[in-house]
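Right, one structure below, let's go through it.
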Amino acid sequence: MFPEDTESYLENEEIAIVENETLAFNGQAFLYDYQKGDFVIRDGKLVELTGQAALEAWLEKLIRTEKFRFKIYEEVDYAVTLEDLIGGVWPKGFVEAEIKREITEAAVTNTYIEDLVDWSFERDGSYLIINFTVIVAAGSFEMEVAV
């Protein structure tokens, strides 16, 4: 989701680093570069995300967090179990249905998210690219996450 050149990414008008008027997500999130495996720092500070950008970051981290891998996530509803599905030998239709179910059940625990719809899946080498639309009270937005 994040390009290698984070400076141009941060200057891109499509990313809402300041409060998005259509979605007042009160959660706090920080821009994370999954390719580098570290938070993005600008002027010595973490880049804070608000509004839709913060909700997108929350969703991406949710999808990338394997539920039973880390003890901290054992008793909370923040994580999914996708590794066995993506790396398994299950039929494509079953895998896609289970991924939809896993992510949707975990995502709607966030009171800002009403539903996830319009799913599509695509293989790119060893990655599975998951696309979907997030329905919130103020409208909707599209997400893409490569796992």
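All residue names refer to the structure tokens as shown: chains lettered A, B, ... in order, residues numbered from 1 in each chain, ligands numbered from 1 in order.
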*Can you pull out every residue within 10 Å of region 57-60 of chain A, counting only C-alpha atoms, but drop anything in the same chain fewer than 4 positions away, and send it as a list in words?*
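The contact residues come out as Met1, Gly27, Gln28, Ala29, Phe30, Leu31, Tyr32, Tyr34, Leu49, Thr50, Gln52, Ala53, Arg64, Thr65, Tyr78, Ala79, Ile103, Ala106, Ala107, Asn110, Ile113, Val134, Met143, Glu144, Val145, Ala146 and Val147 of chain A.
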*List every residue of chain A that DSSP, applied to the backbone of this structure, assigns to strand (DSSP E or B), and report them as JSON, numbers by chain.*
{"A": [29, 30, 32, 33, 38, 39, 41, 42, 45, 46, 48, 49, 66, 80, 113, 114, 115, 116, 117, 118, 119, 120, 121, 122, 123, 124, 127, 128, 129, 130, 131, 132, 133, 134, 135, 136, 139, 140, 141, 142, 143, 144, 145, 146]}
*Could you check how far CA of Arg123 (chain A) sits from CA of Gly139 (chain A), in Å to one decimal?*
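Answer for the CA of Arg123 (chain A) to CA of Gly139 (chain A) separation: 28.6 Å.
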*Leaving out region 86-101 of chain A and any residue of its chain fewer than 6 positions from it, which residues lie within 8 Å of it when counting only C-alpha atoms, given as a ChimeraX atom specification?*
/A:119,121,128
